[in-house]
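Colleague: Submitted below is the structure of interest, expressed as structure tokens.
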Amino acid sequence: MTEASANPLLSTARASDTSPAVQLHPLVLLTISDCITRHTLRRESGPVVGAILGQQNGQEITMEVAFQAKLKANEEGEVVLDDEWFSKRVDDFKDVHKVPQLELVGWFTLGSASGPQPHILPIHTRISEVYTESPILLLFHPSDAQSDATAAGKLPLTLYESVFENATGGANDKAMDIDGAAQSKTLKFKELAYSVETGEAEMIGVDFVARGGGNATAVNGAPAVASKAGESKPEESAKKGKGRLLKDKEKQKDEFIDESAVLTADDEEILSTLTAKSNAIRMLSRRISLLRAYLASLPPSYLSDPSLPFTTPASANHPLPLNHSILRSISAMLSRINILAPPDSEAFTLESQQESSDVQLIALLSSITNSVSAAKDLGRKSYLVEHARQQGRKGGMSMMMGSGGYNGSSGSGQYYDLAGPELSTGSAGGGGRGFPTDRW
């Protein structure tokens, strides 16, 4: 009731089973983050508004893609959609995303956690009249981006569905209409529960963005460099040609790049891993602190003091009553700690060391096997080289022996008769082949 009194646009209706089940995809969150970043860096004025496309199957709605919308001011000074541009953009997205067919299911804007404000009503009304009957509003809270709840894993956003309630009563008012008298209806927003659904392609994209975020570096002095370049542009253009001027600008940009600040792929992977572990440890610490604060705020239990009643009423010192289901969950979690942390640390350490020794022994055995294989290959190659060298020597000797011939022109000489072991004296008409003795 306090929220309803603070924000009249919030509905006081109770949650029902007819509320849609919304599945939010990370691509929508990346698009919203990109829109906020561009809007901030460009120092643009006005609200950040965009459309969300997805699928609707009964009460199940998916939010898959989004884009930023173009706005304009109407005659009354209100910020509204540029209908011509917006309609063309929606049709373009429908043409691209045909399988499965996507349609406009909602829109997003920025706001506080207190709920929607009246200045968004013209945009919401226009979308509900022209594009979809009951669009879902995704209200992103930039002020809660650095809060403890966001660091613990809660997204800084809220989903609302639009409902029409009687001006004189709430949505649950059971008063009967008398004689069919028409009652005025007012537009209200009711908060919706949602879940985050991720596809394989989106997981790759989110992982790439997370890894690239660790390599994002801010270059100081860039505005000063740009201003100096702008002031000296007329003078330089009068003295130098256009090509020379462009080269000088590129050289000035390169001088201000700190190469040591650029991370390698391995550094990005290590940084991403350490960041994930740090966030997990920080979240675990906050959850443990929350449990400790909850247990400290509980009143004394009858288990510790039998004189106390079974149910102790809440008091100023102990505002929270006993919740036995939560206490049983905490007790079950504490009982599982022994499974995660072994009671016998010495035996666990010894077993870990033995497993580590086995792993190192297998690695050493693999290294020895590779060394033996390399030595075997070296021996085989050495044998082939020596064998080829010996064959070359034998071939050279045979060529030397074959180059002698027989001396048919000299008329006489000494030869080794190949047909017999004796040393014979031959003539021009000798009957056997031989070699001169002076070659040996």
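Within each chain, counting starts at residue 1; across the structure tokens, chains are named A, B, ... in the order shown, with ligands numbered 1 upward in that order.
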Near stretch 33-35 of chain A, within 9 Å and counting only C-alpha atoms, which residues show up once chain neighbours fewer than 6 positions away are dropped, as a list in words?
Modeller: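 Skipping anything fewer than 6 positions along the chain leaves Val48, Val49, Gly50, Phe67 and Gln68 of chain A.
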Colleague: Counting only C-alpha atoms, what is within 9 Å of stretch 188-193 of chain A, bar same-chain residues fewer than 4 positions away, as an NGL selection string?
Modeller: :A and (8-15 or 19-22 or 115-116 or 137 or 158-165)
Colleague: Name all residues at most 6 Å from stretch 63-66 of chain A (count only C-alpha atoms; drop same-chain ones fewer than 5 positions away) and give them as a PyMOL selection string.
Modeller: chain A and resi 24-25+28+51-54
Colleague: Between atom CA of A:Ile330 and atom CA of A:Ile288, what is the distance, to one decimal in Å?
Modeller: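 Computing it gives 10.5 Å between the two atoms.
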Colleague: Where in stretch 266-343 of chain A does DSSP assign helix (DSSP H, G or I), given as an MDAnalysis selection string?
Modeller: chainID A and resid 266:297 324:335 337:340
Colleague: Could you tell me how far atom CA of A:Trp107 sits from atom CA of A:Lys94, in Å to one decimal place?
Modeller: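 Atom CA of A:Trp107 lies 15.5 Å from atom CA of A:Lys94.
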